[in-house]
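A short write-up of the structure that comes next.
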Amino acid sequence: MGQGRVLEAFHLEAGQLARAMAGVSAAEWRLPTRCAPWTVSDLPAHVRVVIAWLPGMLAAPAPTRAEVSAAGYYRPDGRFAPDTNAARIALARDHAAEQLNGAALADDFDATWQQVDRLCRAEPDGRVVRTRHCDPMLLSEFLLTRVVEVAVHGLDLADALGREPWLTSQAADLVQGLLLGPDGVAALEKLGWGQLHFLRKATGREPITREEASDVSRLNVRWLTLG
């Protein structure tokens, strides 16, 4: 997948999230989300943390070759073990607590994604990075995992705030492609589902029946392990 396309999706989706967070009231920051125990303030803090790994990754020596894809990044290993998930939860909550208020949290997220966007745009196509889990990946593939984070947690935040989803078509198409491959449009037609409906089901944002799970599995969905 082209690095430019992934960067554009990241730019648009992160910008949408930043604009949405700029309009959150003091009371709304304390609302619960489906990602318990995270509140509305904790979720953008988590997204900020997971995109803030990139400056350090880009400053480090590049591996000689990529060995892990975006789909492979979400394999069910120790990175999603209970103790790792507990640390991930605590890190987001600690970061949210460090901010003076919701406005500061929103500003911090806005500054972070823009810095990451700027640094990534200076990198050549084919740039390889090493993740904190030691995966050597193309920058474009790792950025795709960040698009997943921003897009999926954007849905969580919109639902918690009672707002219409602000998911961009560019990000939705990339996440759909990650899950369904190049034949995603045809697969959705077979299911009879809209794109947003599918993304909610496939990422656990809506319950899926046994019959639906059977239909989806026949389409060779790349199920992602999400912490």
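Chains: A, B, ... in order of the structure tokens. Residues: from 1 per chain. Ligands: from 1, in order shown.
The residues of range 125-203 of chain A that DSSP assigns to strand (DSSP E or B) on this backbone come out as A:Val128, A:Val129, A:Arg130, A:Pro136, A:Met137, A:Leu138.
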When DSSP works through the backbone of this structure, what residues of range 109-208 of chain A end up as helix (DSSP H, G or I), shown as a PyMOL selection string? chain A and resi 109-121+139-161+169-191+195-202
Any chance you could tabulate, as CSV, the residues of range 70-114 of chain A at most 10 Å from range 21-26 of chain A with each one's nearest atom pair and distance in Å to one decimal, using only C-alpha atoms, in chain and rising number order?
residue,atom,partner,partner_atom,distance
A:Asn101,CA,A:Ala26,CA,8.1
A:Gly102,CA,A:Ala26,CA,6.7
A:Ala103,CA,A:Ala22,CA,6.8
A:Ala104,CA,A:Ala22,CA,9.6
A:Leu105,CA,A:Met21,CA,8.7
A:Ala106,CA,A:Met21,CA,5.7
A:Asp107,CA,A:Ala22,CA,7.8
A:Phe109,CA,A:Met21,CA,9.0
A:Asp110,CA,A:Ala22,CA,9.2
Residue selection dump (C-alpha atoms) as a CSV table (one decimal), in the first residue's frame:
chain,number,residue,atom,x,y,z
A,101,ASN,CA,-8.0,20.1,31.6
A,102,GLY,CA,-9.8,18.7,28.5
A,103,ALA,CA,-8.7,21.7,26.4
A,104,ALA,CA,-5.1,21.0,27.2
A,105,LEU,CA,-5.6,17.3,26.3
A,106,ALA,CA,-7.2,18.2,23.0
A,107,ASP,CA,-4.3,20.7,22.2
A,109,PHE,CA,-3.3,15.5,20.8
A,110,ASP,CA,-3.5,18.1,18.0
Near Leu174 in chain A, within 10 Å and counting only C-alpha atoms, which residues show up once chain neighbours fewer than 2 positions away are dropped, as number ranges by chain? A: 1, 5-6, 9-10, 144-145, 147-148, 151, 169-172, 176-181
Filtering to N, CA and C atoms, could you give me those residues as an mmCIF file, in the first residue's frame?
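Once written, result-v1.cif looks like this:
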data_model
loop_
_atom_site.group_PDB
_atom_site.id
_atom_site.type_symbol
_atom_site.label_atom_id
_atom_site.label_comp_id
_atom_site.auth_asym_id
_atom_site.auth_seq_id
_atom_site.Cartn_x
_atom_site.Cartn_y
_atom_site.Cartn_z
ATOM 1 N N MET A 1 0.851 -1.199 0.000
ATOM 2 C CA MET A 1 0.000 0.000 0.000
ATOM 3 C C MET A 1 0.882 1.243 0.000
ATOM 4 N N ARG A 5 -0.855 7.378 0.329
ATOM 5 C CA ARG A 5 -2.281 7.154 0.584
ATOM 6 C C ARG A 5 -2.548 6.972 2.072
ATOM 7 N N VAL A 6 -1.673 6.226 2.741
ATOM 8 C CA VAL A 6 -1.861 5.998 4.175
ATOM 9 C C VAL A 6 -1.674 7.301 4.953
ATOM 10 N N ALA A 9 -4.771 9.460 4.653
ATOM 11 C CA ALA A 9 -5.850 8.974 5.514
ATOM 12 C C ALA A 9 -5.573 9.323 6.971
ATOM 13 N N PHE A 10 -4.330 9.152 7.401
ATOM 14 C CA PHE A 10 -3.959 9.513 8.771
ATOM 15 C C PHE A 10 -4.191 11.000 9.012
ATOM 16 N N LEU A 144 -0.570 2.414 8.886
ATOM 17 C CA LEU A 144 -1.906 1.844 8.710
ATOM 18 C C LEU A 144 -2.476 1.391 10.052
ATOM 19 N N THR A 145 -1.623 0.836 10.913
ATOM 20 C CA THR A 145 -2.121 0.449 12.244
ATOM 21 C C THR A 145 -2.517 1.678 13.058
ATOM 22 N N VAL A 147 -3.798 4.411 11.682
ATOM 23 C CA VAL A 147 -5.092 4.795 11.114
ATOM 24 C C VAL A 147 -6.197 3.971 11.767
ATOM 25 N N VAL A 148 -5.933 2.687 11.975
ATOM 26 C CA VAL A 148 -6.918 1.838 12.666
ATOM 27 C C VAL A 148 -7.217 2.400 14.046
ATOM 28 N N ALA A 151 -9.205 5.725 13.772
ATOM 29 C CA ALA A 151 -10.544 5.519 13.217
ATOM 30 C C ALA A 151 -11.458 4.778 14.184
ATOM 31 N N SER A 169 -13.966 8.738 4.740
ATOM 32 C CA SER A 169 -14.004 7.646 3.770
ATOM 33 C C SER A 169 -12.612 7.091 3.506
ATOM 34 N N GLN A 170 -11.603 7.956 3.559
ATOM 35 C CA GLN A 170 -10.227 7.497 3.302
ATOM 36 C C GLN A 170 -9.773 6.501 4.366
ATOM 37 N N ALA A 171 -10.032 6.820 5.632
ATOM 38 C CA ALA A 171 -9.653 5.899 6.707
ATOM 39 C C ALA A 171 -10.511 4.643 6.672
ATOM 40 N N ALA A 172 -11.815 4.809 6.440
ATOM 41 C CA ALA A 172 -12.709 3.654 6.394
ATOM 42 C C ALA A 172 -12.289 2.681 5.300
ATOM 43 N N GLN A 176 -11.136 -1.139 5.987
ATOM 44 C CA GLN A 176 -11.862 -2.185 5.270
ATOM 45 C C GLN A 176 -10.905 -3.043 4.454
ATOM 46 N N GLY A 177 -9.962 -2.411 3.767
ATOM 47 C CA GLY A 177 -8.991 -3.158 2.981
ATOM 48 C C GLY A 177 -8.118 -4.053 3.827
ATOM 49 N N LEU A 178 -7.742 -3.578 5.012
ATOM 50 C CA LEU A 178 -6.950 -4.392 5.926
ATOM 51 C C LEU A 178 -7.724 -5.631 6.358
ATOM 52 N N LEU A 179 -9.020 -5.474 6.578
ATOM 53 C CA LEU A 179 -9.855 -6.572 7.055
ATOM 54 C C LEU A 179 -10.290 -7.524 5.951
ATOM 55 N N LEU A 180 -10.547 -6.988 4.768
ATOM 56 C CA LEU A 180 -11.153 -7.787 3.700
ATOM 57 C C LEU A 180 -10.268 -7.997 2.485
ATOM 58 N N GLY A 181 -9.155 -7.272 2.396
ATOM 59 C CA GLY A 181 -8.323 -7.408 1.219
ATOM 60 C C GLY A 181 -8.872 -6.615 0.052
#
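In this comparison, which uses only C-alpha atoms, the residue of A:Leu119, A:Asp42, A:Arg163, A:His133 approaching Asp77 in chain A most closely is A:His133.
Omitting range 79-96 of chain A and its sequence neighbours fewer than 6 positions away, and counting only C-alpha atoms, the residues within 9 Å are Pro37, Trp38, Thr39, Ser41, Asp42, Leu43, Pro44, Ala45, His46, Val47, Arg48, Val49, Gly102, Leu105, His133, Thr225, Leu226 and Gly227 of chain A.
Taking CA of Leu167 in chain A and CA of Arg19 in chain A as the two end points, the separation is 12.3 Å.
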Name the closest residue to Leu12 in chain A among the candidates A:Trp113, A:Phe142, A:Arg121, A:Val175; distances are taken between atoms, counting only C-alpha atoms.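 Checking each candidate against Leu12 in chain A, we get A:Trp113 as the closest.
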Non-local contacts of Leu219 in chain A (12 Å; only C-alpha atoms; under 4 positions in same chain excluded) as a PDB file with N, CA and C atoms, in the first residue's frame:
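In the end it all went to selection_4.pdb:
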ATOM      1  N   LEU A 179      -9.020  -5.474   6.578  1.00  0.00           N
ATOM      2  CA  LEU A 179      -9.855  -6.572   7.055  1.00  0.00           C
ATOM      3  C   LEU A 179     -10.290  -7.524   5.951  1.00  0.00           C
ATOM      4  N   LEU A 180     -10.547  -6.988   4.768  1.00  0.00           N
ATOM      5  CA  LEU A 180     -11.153  -7.787   3.700  1.00  0.00           C
ATOM      6  C   LEU A 180     -10.268  -7.997   2.485  1.00  0.00           C
ATOM      7  N   GLY A 181      -9.155  -7.272   2.396  1.00  0.00           N
ATOM      8  CA  GLY A 181      -8.323  -7.408   1.219  1.00  0.00           C
ATOM      9  C   GLY A 181      -8.872  -6.615   0.052  1.00  0.00           C
ATOM     10  N   PRO A 182      -8.305  -6.818  -1.143  1.00  0.00           N
ATOM     11  CA  PRO A 182      -8.680  -6.006  -2.300  1.00  0.00           C
ATOM     12  C   PRO A 182     -10.100  -6.231  -2.799  1.00  0.00           C
ATOM     13  N   ASP A 183     -10.720  -7.331  -2.403  1.00  0.00           N
ATOM     14  CA  ASP A 183     -12.080  -7.626  -2.862  1.00  0.00           C
ATOM     15  C   ASP A 183     -13.128  -7.217  -1.841  1.00  0.00           C
ATOM     16  N   GLY A 184     -12.814  -6.211  -1.038  1.00  0.00           N
ATOM     17  CA  GLY A 184     -13.707  -5.814   0.043  1.00  0.00           C
ATOM     18  C   GLY A 184     -15.074  -5.360  -0.395  1.00  0.00           C
ATOM     19  N   VAL A 185     -15.152  -4.606  -1.488  1.00  0.00           N
ATOM     20  CA  VAL A 185     -16.444  -4.100  -1.955  1.00  0.00           C
ATOM     21  C   VAL A 185     -17.353  -5.259  -2.326  1.00  0.00           C
ATOM     22  N   ALA A 186     -16.806  -6.223  -3.051  1.00  0.00           N
ATOM     23  CA  ALA A 186     -17.606  -7.395  -3.440  1.00  0.00           C
ATOM     24  C   ALA A 186     -18.033  -8.188  -2.209  1.00  0.00           C
ATOM     25  N   ALA A 187     -17.144  -8.281  -1.217  1.00  0.00           N
ATOM     26  CA  ALA A 187     -17.479  -9.012   0.005  1.00  0.00           C
ATOM     27  C   ALA A 187     -18.624  -8.347   0.749  1.00  0.00           C
ATOM     28  N   LEU A 188     -18.620  -7.020   0.832  1.00  0.00           N
ATOM     29  CA  LEU A 188     -19.698  -6.309   1.516  1.00  0.00           C
ATOM     30  C   LEU A 188     -21.015  -6.481   0.773  1.00  0.00           C
ATOM     31  N   GLU A 189     -20.954  -6.531  -0.534  1.00  0.00           N
ATOM     32  CA  GLU A 189     -22.173  -6.752  -1.315  1.00  0.00           C
ATOM     33  C   GLU A 189     -22.770  -8.126  -1.000  1.00  0.00           C
ATOM     34  N   LYS A 190     -21.914  -9.120  -0.815  1.00  0.00           N
ATOM     35  CA  LYS A 190     -22.390 -10.458  -0.465  1.00  0.00           C
ATOM     36  C   LYS A 190     -23.035 -10.460   0.923  1.00  0.00           C
ATOM     37  N   LEU A 191     -22.452  -9.678   1.838  1.00  0.00           N
ATOM     38  CA  LEU A 191     -23.018  -9.597   3.185  1.00  0.00           C
ATOM     39  C   LEU A 191     -24.297  -8.769   3.223  1.00  0.00           C
ATOM     40  N   ALA A 202     -16.900  -5.910  12.701  1.00  0.00           N
ATOM     41  CA  ALA A 202     -15.620  -6.598  12.588  1.00  0.00           C
ATOM     42  C   ALA A 202     -14.619  -6.168  13.653  1.00  0.00           C
ATOM     43  N   GLU A 212     -24.047 -14.433  11.581  1.00  0.00           N
ATOM     44  CA  GLU A 212     -23.264 -13.374  10.940  1.00  0.00           C
ATOM     45  C   GLU A 212     -21.781 -13.707  10.950  1.00  0.00           C
ATOM     46  N   ALA A 213     -21.298 -14.252  12.068  1.00  0.00           N
ATOM     47  CA  ALA A 213     -19.887 -14.616  12.163  1.00  0.00           C
ATOM     48  C   ALA A 213     -19.533 -15.670  11.125  1.00  0.00           C
ATOM     49  N   SER A 214     -20.449 -16.607  10.888  1.00  0.00           N
ATOM     50  CA  SER A 214     -20.215 -17.639   9.875  1.00  0.00           C
ATOM     51  C   SER A 214     -20.148 -17.027   8.485  1.00  0.00           C
ATOM     52  N   ASP A 215     -21.065 -16.094   8.205  1.00  0.00           N
ATOM     53  CA  ASP A 215     -21.059 -15.419   6.899  1.00  0.00           C
ATOM     54  C   ASP A 215     -19.770 -14.641   6.688  1.00  0.00           C
ATOM     55  N   TRP A 223      -9.289 -11.102  10.953  1.00  0.00           N
ATOM     56  CA  TRP A 223      -9.682 -10.641  12.274  1.00  0.00           C
ATOM     57  C   TRP A 223      -8.458 -10.091  13.003  1.00  0.00           C
TER      58      TRP A 223
END
Determine, counting only C-alpha atoms, which protein, DNA and RNA residues have an atom within 9 Å of an atom of Leu58 in chain A; residues of the same chain fewer than 3 positions away are not included. Present the result as a PDB file with N, CA and C atoms, in the first residue's frame.
ATOM      1  N   TRP A  53       4.711   7.209  19.501  1.00  0.00           N
ATOM      2  CA  TRP A  53       5.871   6.333  19.376  1.00  0.00           C
ATOM      3  C   TRP A  53       6.668   6.661  18.113  1.00  0.00           C
ATOM      4  N   LEU A  54       6.016   7.277  17.133  1.00  0.00           N
ATOM      5  CA  LEU A  54       6.644   7.417  15.816  1.00  0.00           C
ATOM      6  C   LEU A  54       7.901   8.296  15.773  1.00  0.00           C
ATOM      7  N   PRO A  55       7.948   9.451  16.419  1.00  0.00           N
ATOM      8  CA  PRO A  55       9.187  10.231  16.350  1.00  0.00           C
ATOM      9  C   PRO A  55      10.422   9.451  16.787  1.00  0.00           C
ATOM     10  N   PRO A  61      17.857   3.817  14.096  1.00  0.00           N
ATOM     11  CA  PRO A  61      18.345   3.204  12.855  1.00  0.00           C
ATOM     12  C   PRO A  61      17.265   2.343  12.196  1.00  0.00           C
ATOM     13  N   ALA A  62      17.201   2.399  10.883  1.00  0.00           N
ATOM     14  CA  ALA A  62      16.192   1.635  10.151  1.00  0.00           C
ATOM     15  C   ALA A  62      16.633   0.178  10.000  1.00  0.00           C
ATOM     16  N   LEU A 119       6.737  14.681  10.266  1.00  0.00           N
ATOM     17  CA  LEU A 119       7.929  13.844  10.225  1.00  0.00           C
ATOM     18  C   LEU A 119       7.799  12.716   9.208  1.00  0.00           C
ATOM     19  N   CYS A 120       6.630  12.115   9.154  1.00  0.00           N
ATOM     20  CA  CYS A 120       6.431  10.996   8.228  1.00  0.00           C
ATOM     21  C   CYS A 120       6.475  11.460   6.775  1.00  0.00           C
ATOM     22  N   GLU A 123       9.836  11.327   5.111  1.00  0.00           N
ATOM     23  CA  GLU A 123      10.468  10.031   4.916  1.00  0.00           C
ATOM     24  C   GLU A 123      10.218   9.492   3.501  1.00  0.00           C
ATOM     25  N   VAL A 128      11.686   1.731   6.398  1.00  0.00           N
ATOM     26  CA  VAL A 128      11.414   0.653   7.347  1.00  0.00           C
ATOM     27  C   VAL A 128      11.669   1.164   8.762  1.00  0.00           C
ATOM     28  N   VAL A 129      10.802   0.804   9.684  1.00  0.00           N
ATOM     29  CA  VAL A 129      10.940   1.197  11.086  1.00  0.00           C
ATOM     30  C   VAL A 129      10.833  -0.036  11.970  1.00  0.00           C
ATOM     31  N   ARG A 130      11.281   0.122  13.214  1.00  0.00           N
ATOM     32  CA  ARG A 130      11.142  -0.958  14.192  1.00  0.00           C
ATOM     33  C   ARG A 130      10.178  -0.496  15.277  1.00  0.00           C
ATOM     34  N   LEU A 139       7.130   1.732   7.059  1.00  0.00           N
ATOM     35  CA  LEU A 139       6.456   2.854   7.710  1.00  0.00           C
ATOM     36  C   LEU A 139       4.998   2.917   7.276  1.00  0.00           C
TER      37      LEU A 139
END
